[in-house]
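For reference, structure.tsv is printed below; it contains TSV, C-alpha atoms.
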```
chain	number	residue	atom	x	y	z
A	590	MET	CA	-6.60	14.82	-24.70
A	591	PRO	CA	-8.47	15.15	-21.34
A	592	ASP	CA	-7.97	18.39	-19.39
A	593	ARG	CA	-6.71	16.43	-16.38
A	594	PRO	CA	-5.30	12.89	-16.37
A	595	VAL	CA	-7.42	10.40	-14.49
A	596	ARG	CA	-6.41	9.80	-10.89
A	597	ARG	CA	-7.15	6.65	-8.95
A	598	PRO	CA	-9.63	8.44	-6.62
A	599	ASP	CA	-11.66	9.27	-9.74
A	600	LEU	CA	-12.12	5.53	-10.21
A	601	ARG	CA	-13.61	4.97	-6.76
A	602	ALA	CA	-17.35	5.17	-6.18
A	603	ASP	CA	-18.59	8.32	-4.43
A	604	CYS	CA	-22.24	7.60	-3.74
A	605	THR	CA	-22.77	11.11	-2.30
A	606	GLN	CA	-22.27	12.51	-5.82
A	607	CYS	CA	-24.48	9.94	-7.56
A	608	VAL	CA	-28.25	9.60	-7.97
A	609	GLY	CA	-28.47	5.93	-7.08
A	610	LEU	CA	-27.77	4.78	-10.62
A	611	CYS	CA	-26.69	1.25	-9.68
A	612	CYS	CA	-29.85	0.91	-7.56
A	613	VAL	CA	-32.01	1.62	-10.60
A	614	ALA	CA	-30.12	0.75	-13.78
A	615	LEU	CA	-29.09	-2.77	-12.78
A	616	ALA	CA	-31.34	-5.82	-12.59
A	617	MET	CA	-31.57	-8.06	-9.54
A	618	THR	CA	-32.37	-11.76	-9.52
A	619	ALA	CA	-33.66	-13.35	-6.32
A	620	SER	CA	-30.75	-15.45	-5.09
A	621	ALA	CA	-28.15	-15.67	-2.35
A	622	ASP	CA	-27.02	-12.21	-3.49
A	623	PHE	CA	-30.40	-10.45	-3.68
A	624	ALA	CA	-33.61	-10.98	-1.77
A	625	ILE	CA	-35.84	-9.87	-4.64
A	626	ASP	CA	-36.30	-9.84	-8.38
A	627	LYS	CA	-35.98	-6.36	-9.88
A	628	PRO	CA	-35.87	-5.52	-13.59
A	629	ALA	CA	-33.28	-3.11	-14.97
A	630	GLY	CA	-34.55	0.47	-14.95
A	631	GLN	CA	-36.80	0.02	-11.92
A	632	PRO	CA	-35.72	1.58	-8.61
A	633	CYS	CA	-34.88	-0.78	-5.78
A	634	PRO	CA	-37.59	-0.54	-3.10
A	635	ASN	CA	-34.84	0.26	-0.59
A	636	LEU	CA	-33.79	3.39	-2.49
A	637	LYS	CA	-34.84	6.52	-0.60
A	638	HIS	CA	-35.97	9.81	-2.14
A	639	ASP	CA	-32.52	11.33	-1.47
A	640	PHE	CA	-30.91	8.47	-3.45
A	641	ARG	CA	-29.50	6.78	-0.37
A	642	CYS	CA	-30.06	3.16	0.57
A	643	GLY	CA	-32.59	2.69	3.35
A	644	ILE	CA	-30.92	-0.49	4.63
A	645	HIS	CA	-27.28	0.32	3.88
A	646	ALA	CA	-26.08	-0.56	7.38
A	647	ARG	CA	-27.73	-3.99	7.23
A	648	LEU	CA	-27.58	-4.99	3.58
A	649	ARG	CA	-26.12	-8.42	4.29
A	650	ASP	CA	-28.57	-9.23	7.05
A	651	GLY	CA	-31.37	-7.90	4.87
A	652	GLY	CA	-30.61	-10.33	2.05
A	653	PHE	CA	-28.63	-8.02	-0.24
A	654	PRO	CA	-24.95	-9.06	0.07
A	655	GLY	CA	-24.56	-8.51	-3.68
A	656	CYS	CA	-24.97	-4.79	-3.12
A	657	THR	CA	-22.01	-4.75	-0.71
A	658	VAL	CA	-19.79	-6.28	-3.39
A	659	TYR	CA	-20.67	-4.07	-6.36
A	660	ASP	CA	-18.31	-1.30	-7.47
A	661	CYS	CA	-18.99	1.17	-10.31
A	662	PHE	CA	-15.35	2.38	-10.55
A	663	GLY	CA	-16.57	5.96	-10.12
A	664	ALA	CA	-18.90	5.83	-13.11
A	665	GLY	CA	-21.90	6.87	-11.01
A	666	GLN	CA	-20.59	10.29	-10.07
A	667	LYS	CA	-19.07	10.84	-13.54
A	668	VAL	CA	-22.40	10.22	-15.29
A	669	THR	CA	-24.38	12.21	-12.71
A	670	GLN	CA	-22.18	15.25	-12.31
A	671	ILE	CA	-20.37	15.52	-15.65
A	672	THR	CA	-22.23	13.70	-18.42
A	673	PHE	CA	-25.67	14.87	-17.26
A	674	GLY	CA	-24.61	18.04	-15.45
A	675	GLY	CA	-26.10	17.15	-12.08
A	676	ARG	CA	-29.52	16.13	-13.41
A	677	ASP	CA	-31.16	12.92	-12.24
A	678	TRP	CA	-33.31	10.28	-13.87
A	679	ARG	CA	-36.44	11.52	-12.08
A	680	GLN	CA	-36.31	15.01	-13.57
A	681	ALA	CA	-37.10	14.02	-17.14
A	682	ALA	CA	-39.13	10.97	-18.01
A	683	ASP	CA	-37.36	10.58	-21.35
A	684	SER	CA	-33.79	10.81	-20.01
A	685	GLY	CA	-33.78	7.91	-17.55
A	686	ALA	CA	-33.26	5.12	-20.08
A	687	GLN	CA	-30.45	7.04	-21.76
A	688	MET	CA	-28.82	7.78	-18.41
A	689	PHE	CA	-28.86	4.10	-17.46
A	690	GLU	CA	-27.39	3.08	-20.80
A	691	VAL	CA	-24.64	5.69	-20.50
A	692	PHE	CA	-23.90	4.49	-16.97
A	693	SER	CA	-23.22	0.94	-18.19
A	694	VAL	CA	-20.85	2.23	-20.89
A	695	VAL	CA	-18.93	4.61	-18.60
A	696	ARG	CA	-18.71	1.93	-15.93
A	697	LEU	CA	-16.89	-0.34	-18.39
A	698	LEU	CA	-14.63	2.50	-19.56
A	699	HIS	CA	-13.71	3.30	-15.96
A	700	GLU	CA	-12.91	-0.34	-15.28
A	701	LEU	CA	-10.55	-0.25	-18.25
A	702	LEU	CA	-8.98	2.92	-16.85
A	703	TRP	CA	-8.42	1.11	-13.54
A	704	TYR	CA	-6.44	-1.58	-15.36
A	705	LEU	CA	-4.61	0.88	-17.60
A	706	THR	CA	-3.54	3.02	-14.64
A	707	GLU	CA	-2.02	-0.06	-13.04
A	708	ALA	CA	-0.45	-1.21	-16.32
A	709	LEU	CA	1.36	2.14	-16.64
A	710	GLU	CA	3.03	1.42	-13.31
A	711	LEU	CA	3.84	-2.19	-14.17
A	712	ALA	CA	5.25	-1.96	-17.70
A	713	PRO	CA	7.49	1.07	-18.38
A	714	SER	CA	8.52	-0.47	-21.72
A	715	LEU	CA	4.92	-0.14	-22.91
A	716	HIS	CA	4.44	3.38	-21.61
A	717	GLY	CA	3.81	4.92	-25.04
A	718	PRO	CA	0.94	2.72	-26.20
A	719	LEU	CA	-0.48	2.47	-22.68
A	720	ARG	CA	-0.47	6.26	-22.27
A	721	HIS	CA	-2.19	6.65	-25.64
A	722	ALA	CA	-4.81	4.04	-24.72
A	723	THR	CA	-5.42	5.74	-21.37
A	724	ASP	CA	-5.86	9.19	-22.92
A	725	ASP	CA	-8.18	7.76	-25.56
A	726	THR	CA	-10.31	5.96	-22.97
A	727	GLU	CA	-10.47	9.05	-20.75
A	728	GLN	CA	-11.65	11.13	-23.69
A	729	LEU	CA	-14.34	8.61	-24.57
A	730	ALA	CA	-15.60	8.59	-20.97
A	731	LEU	CA	-16.01	12.38	-21.12
A	732	GLY	CA	-18.21	12.18	-24.21
A	733	SER	CA	-21.79	13.33	-24.61
A	734	PRO	CA	-24.69	10.99	-23.83
A	735	GLU	CA	-25.19	10.53	-27.56
A	736	SER	CA	-21.56	9.65	-28.28
A	737	LEU	CA	-21.44	7.24	-25.36
A	738	THR	CA	-24.57	5.34	-26.35
A	739	ALA	CA	-23.23	5.10	-29.91
A	740	LEU	CA	-19.82	3.83	-28.79
A	741	ASP	CA	-18.88	0.22	-29.56
A	742	VAL	CA	-17.43	-0.21	-26.08
A	743	LEU	CA	-16.82	-3.94	-26.51
A	744	ALA	CA	-14.61	-3.30	-29.56
A	745	HIS	CA	-12.70	-0.69	-27.57
A	746	ARG	CA	-12.28	-3.13	-24.69
A	747	SER	CA	-10.88	-5.72	-27.10
A	748	ARG	CA	-8.21	-3.29	-28.27
A	749	ILE	CA	-7.29	-2.40	-24.70
A	750	ASN	CA	-7.19	-6.06	-23.73
A	751	ASP	CA	-4.36	-6.71	-26.18
A	752	LEU	CA	-2.22	-4.17	-24.30
A	753	LEU	CA	-3.19	-5.56	-20.91
A	754	LEU	CA	-2.24	-9.05	-22.08
A	755	ARG	CA	1.19	-7.80	-23.15
A	756	THR	CA	1.61	-6.11	-19.78
A	757	SER	CA	0.63	-9.29	-17.96
A	758	GLU	CA	3.07	-11.40	-19.95
A	759	LEU	CA	5.94	-9.01	-19.18
A	760	VAL	CA	5.20	-8.97	-15.45
A	761	ARG	CA	4.62	-12.68	-15.08
A	762	ALA	CA	7.70	-13.63	-17.13
A	763	GLY	CA	9.83	-11.83	-14.58
A	764	VAL	CA	8.54	-14.09	-11.82
A	765	SER	CA	8.57	-17.53	-13.40
A	766	ALA	CA	10.04	-18.96	-16.59
A	767	THR	CA	7.04	-21.28	-16.92
A	768	PRO	CA	4.14	-19.52	-15.19
A	769	LEU	CA	1.03	-21.59	-14.52
A	770	ASN	CA	-1.69	-21.02	-17.11
A	771	ARG	CA	-5.20	-21.58	-15.76
A	772	ARG	CA	-6.92	-18.93	-17.84
A	773	GLY	CA	-10.67	-19.49	-17.80
A	774	ALA	CA	-10.23	-22.67	-15.74
A	775	ASP	CA	-13.00	-24.12	-13.59
A	776	LEU	CA	-11.44	-24.01	-10.12
A	777	MET	CA	-14.69	-23.74	-8.18
A	778	GLY	CA	-14.21	-25.10	-4.68
A	779	ALA	CA	-10.60	-26.08	-5.46
A	780	ASP	CA	-8.24	-26.86	-2.59
A	781	LEU	CA	-5.38	-24.42	-3.18
A	782	VAL	CA	-4.28	-23.96	0.42
A	783	GLY	CA	-0.70	-22.65	0.48
A	784	ALA	CA	-0.42	-22.99	-3.31
A	785	ASP	CA	2.48	-21.34	-5.12
A	786	LEU	CA	0.60	-19.30	-7.73
A	787	ARG	CA	3.30	-16.72	-8.38
A	788	GLY	CA	3.03	-15.44	-11.93
A	789	ALA	CA	-0.02	-17.60	-12.66
A	790	ASP	CA	-2.44	-16.66	-15.43
A	791	LEU	CA	-5.82	-16.84	-13.70
A	792	ARG	CA	-7.65	-14.54	-16.09
A	793	SER	CA	-11.40	-15.21	-16.16
A	794	SER	CA	-10.95	-18.31	-14.02
A	795	TYR	CA	-13.77	-19.55	-11.81
A	796	LEU	CA	-12.50	-19.55	-8.23
A	797	ILE	CA	-15.93	-19.46	-6.60
A	798	GLY	CA	-15.68	-20.95	-3.13
A	799	ALA	CA	-12.05	-22.01	-3.70
A	800	ASP	CA	-9.72	-22.31	-0.72
A	801	LEU	CA	-6.76	-20.00	-1.26
A	802	ARG	CA	-5.72	-19.67	2.35
A	803	ARG	CA	-2.04	-18.69	2.61
A	804	ALA	CA	-1.61	-19.03	-1.17
A	805	ASP	CA	1.04	-16.83	-2.81
A	806	LEU	CA	-0.48	-14.90	-5.73
A	807	THR	CA	2.44	-12.54	-6.31
A	808	SER	CA	2.24	-11.25	-9.90
A	809	ALA	CA	-0.71	-13.55	-10.62
A	810	ASP	CA	-3.03	-12.06	-13.25
A	811	LEU	CA	-6.54	-11.96	-11.75
A	812	ILE	CA	-8.32	-9.87	-14.35
A	813	GLY	CA	-11.89	-11.10	-14.66
A	814	ALA	CA	-11.41	-13.94	-12.16
A	815	ASP	CA	-14.59	-14.84	-10.27
A	816	LEU	CA	-13.67	-14.67	-6.58
A	817	ARG	CA	-17.11	-14.96	-5.03
A	818	ASP	CA	-16.85	-16.54	-1.59
A	819	THR	CA	-13.19	-17.41	-2.22
A	820	ASP	CA	-11.29	-17.97	1.02
A	821	VAL	CA	-8.22	-15.73	0.92
A	822	ARG	CA	-7.40	-15.71	4.61
A	823	GLY	CA	-3.65	-15.27	4.96
A	824	ALA	CA	-3.23	-15.14	1.17
A	825	HIS	CA	-0.56	-12.95	-0.43
A	826	LEU	CA	-2.42	-10.60	-2.78
A	827	ALA	CA	-0.37	-7.44	-2.25
A	828	ARG	CA	1.44	-7.82	-5.57
A	829	SER	CA	-1.25	-9.56	-7.59
A	830	ILE	CA	-2.02	-7.75	-10.84
A	831	PHE	CA	-5.32	-6.36	-12.13
A	832	LEU	CA	-7.17	-7.11	-8.90
A	833	THR	CA	-10.22	-4.90	-8.29
A	834	GLN	CA	-12.15	-3.75	-5.25
A	835	MET	CA	-15.21	-5.63	-6.46
A	836	GLN	CA	-13.28	-8.89	-6.52
A	837	VAL	CA	-11.87	-8.28	-3.05
A	838	ASN	CA	-15.30	-7.39	-1.69
A	839	ALA	CA	-16.58	-10.79	-2.80
A	840	THR	CA	-13.93	-12.81	-0.92
A	841	ARG	CA	-13.47	-13.99	2.66
A	842	GLY	CA	-10.26	-12.59	4.11
A	843	ASP	CA	-8.72	-11.72	7.44
A	844	ALA	CA	-6.00	-9.64	9.06
A	845	GLY	CA	-3.39	-11.93	7.52
A	846	THR	CA	-4.53	-11.26	3.95
A	847	THR	CA	-2.24	-8.80	2.19
A	848	LEU	CA	-3.69	-6.41	-0.38
A	849	PRO	CA	-2.30	-3.81	-2.81
A	850	ASP	CA	-2.24	-0.31	-1.32
A	851	ARG	CA	-4.76	0.83	-3.93
A	852	LEU	CA	-7.47	-1.45	-2.50
A	853	ILE	CA	-9.52	-1.11	0.70
A	854	ARG	CA	-9.81	-3.94	3.19
A	855	PRO	CA	-13.51	-4.88	3.48
A	856	PRO	CA	-14.83	-4.04	7.00
A	857	ARG	CA	-16.46	-7.45	7.36
A	858	TRP	CA	-13.04	-9.16	7.23
A	859	SER	CA	-12.54	-8.04	10.83
```
Before anything else, please render the file you have as structure tokens.
Amino acid sequence: MPDRPVRRPDLRADCTQCVGLCCVALAMTASADFAIDKPAGQPCPNLKHDFRCGIHARLRDGGFPGCTVYDCFGAGQKVTQITFGGRDWRQAADSGAQMFEVFSVVRLLHELLWYLTEALELAPSLHGPLRHATDDTEQLALGSPESLTALDVLAHRSRINDLLLRTSELVRAGVSATPLNRRGADLMGADLVGADLRGADLRSSYLIGADLRRADLTSADLIGADLRDTDVRGAHLARSIFLTQMQVNATRGDAGTTLPDRLIRPPRWS
């Protein structure tokens, strides 16, 4: 069992404690999100020697809005400070590739911990199995570089997903006897202005560019939903379930958009 249970701040990115892992480990494809092509494992040309972004204050204007959306769930500082003891990928030519691989695994484990932490609050009747799954995931995330690269993280995610599904069903059943099921649905550009989506299953749905202004998403399951450029101005998201900062960062909201207390309102909304 981990020495200290995970806290939500541990699942927030702290770039001051990271060595620019997302700026190196991840690939970029020239598009509306990124101005350049960059292969995985190659540093972004905007990454400075001190691991800070040289255009951080003007990423969107500089053609890198995708960088303003990304969230590592705190994996960057975990891998830098704990897994690799403060070392960075420049210090040893043979450790960079391993560090980047570990980062991708820990990032997924931390995302699962984000969902599990919320599930523990939502479903007291499942506290036992959820607590066990959380402790197990925390322990895996604290593993050595070798154990992390050997981990079948997708199989672990599948096991966790079963619990998250049960949590979702319990929460949504308490809102509507016949909740809307649009799991995995193609809702790109859909007109959902003022829609009653309370208790809806929107897992892995494609809501890219959809109009959700003033929609009520109370207890709607948004795990894995693609919310890029989704208009959520005036939408009720305060009690949506399994919503992440990365999803929120990708939307267009305003002062009338309500969010869960655990999430931060993107500065550009104002």
Using all atoms listed in the file, find the one residue out of A:Leu753, A:Ala616, A:Ala824, A:Ala839 that sits nearest to A:Glu707.
A:Leu753
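Note that atom CA of A:Thr756 and atom CA of A:Pro713 are 9.4 Å apart.
Between atom CA of A:Phe653 and atom CA of A:Arg792 there is a distance of 27.1 Å.
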If we count only C-alpha atoms, what is near stretch 624-634 of chain A at a cut-off of 9 Å, once residues fewer than 3 positions away on the same chain are taken out, given as a ChimeraX atom specification?
/A:609-610,612-621,637,642-643,651-653,685-686,689
The residues within 10 Å of (-21.5, 4.8, 0.2), using only C-alpha atoms and the coordinates of the file, should be reported as a PyMOL selection string; which are they?
chain A and resi 602-607+641-642+645+657
Would you mind exporting stretch 622-654 of chain A with C-alpha atoms, as a short mmCIF file (atom, residue, chain, number, x, y, z; two decimals), in the first residue's frame?
```
data_model
loop_
_atom_site.label_atom_id
_atom_site.label_comp_id
_atom_site.auth_asym_id
_atom_site.auth_seq_id
_atom_site.Cartn_x
_atom_site.Cartn_y
_atom_site.Cartn_z
CA ASP A 622 -3.40 22.30 -32.99
CA PHE A 623 0.32 22.42 -33.81
CA ALA A 624 2.28 24.58 -36.21
CA ILE A 625 4.92 21.94 -36.90
CA ASP A 626 5.57 18.25 -37.31
CA LYS A 627 7.68 16.80 -34.50
CA PRO A 628 8.41 13.11 -33.93
CA ALA A 629 8.09 11.56 -30.47
CA GLY A 630 11.36 11.76 -28.55
CA GLN A 631 12.56 14.96 -30.22
CA PRO A 632 12.48 18.19 -28.19
CA CYS A 633 10.11 20.89 -29.36
CA PRO A 634 12.13 23.80 -30.81
CA ASN A 635 10.35 26.09 -28.34
CA LEU A 636 11.70 24.17 -25.33
CA LYS A 637 14.37 26.20 -23.53
CA HIS A 638 17.46 24.82 -21.80
CA ASP A 639 15.75 25.23 -18.40
CA PHE A 640 12.84 23.07 -19.64
CA ARG A 641 10.45 25.99 -19.90
CA CYS A 642 8.47 26.90 -23.00
CA GLY A 643 9.89 29.87 -24.88
CA ILE A 644 6.48 30.94 -26.20
CA HIS A 645 4.28 29.91 -23.27
CA ALA A 646 2.53 33.28 -23.04
CA ARG A 647 1.59 33.20 -26.73
CA LEU A 648 1.12 29.54 -27.54
CA ARG A 649 -2.25 30.05 -29.21
CA ASP A 650 -1.11 32.99 -31.29
CA GLY A 651 2.04 31.08 -32.15
CA GLY A 652 0.12 28.16 -33.63
CA PHE A 653 0.27 25.75 -30.69
CA PRO A 654 -3.23 25.74 -29.11
#
```
